[in-house]
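Below: the structure, in structure tokens.
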Amino acid sequence: MLAALLIAAVLDFGMGLLLISVSGFILQGVGNTGPMMPEAVFFVLMIALCLGLPAATWFLRRRLAPLAVLAIAYSPLIVAGLVLLAGPMFA
């Protein structure tokens, strides 16, 4: 389980850094020049989850069941996969 948590932490941090690096292209000054879009709120929430959940799972791994900890650790990746699958339907 420790290896799976380490892999999840690396993937979550990597996805969080990727989201931060492309945020200027995606948000395009939403908070500064225009109204707040629901997509921007979801985008910022995903950045917070990608950077916060790996630390939370390391603290909760002794208190929760192993499957629950793995589900929490991999939840940003699962949400990203679902958004990618649902994306072409709403484009």
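Please note that chains go A, B, ... in the order of the structure tokens, that every chain numbers its residues from 1, and that ligands are numbered from 1 in the order shown.
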
(request) Considering only C-alpha atoms, return as a ChimeraX atom specification whatever protein or nucleic-acid residues lie within 12 Å of Ile78 (chain A), sequence-local ones (same chain, fewer than 5 positions apart) excluded. (result) /A:8,11-12,15,46,49-50,70-73,83-85

(request) Might you pull out every residue within 9 Å of Ala9 (chain A), with only C-alpha atoms counted and same-chain residues fewer than 2 positions away left off, and present them as JSON, numbers by chain? (result) {"A": [4, 5, 6, 7, 11, 12, 13, 14, 50, 51, 53, 54, 55, 57, 73, 74]}

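Remark: for Phe42 (chain A), the closest of the candidate residues A:Leu17, A:Ala80, A:Ser75, A:Ala56 is A:Ala80 (distances computed over only C-alpha atoms).
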
(request) Could you find all residues in region 7-91 of chain A that DSSP calls alpha helix (DSSP H) from the backbone, and write them as number ranges by chain? (result) A: 7-21, 23-27, 30-33, 38-60, 66-90

(request) Grab the CA of Leu19 (chain A) to CA of Ile47 (chain A) distance for me, in Å with one decimal place. (result) 6.4 Å

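Interatomic distance, CA of Val44 (chain A) against CA of Gly81 (chain A): 16.9 Å.
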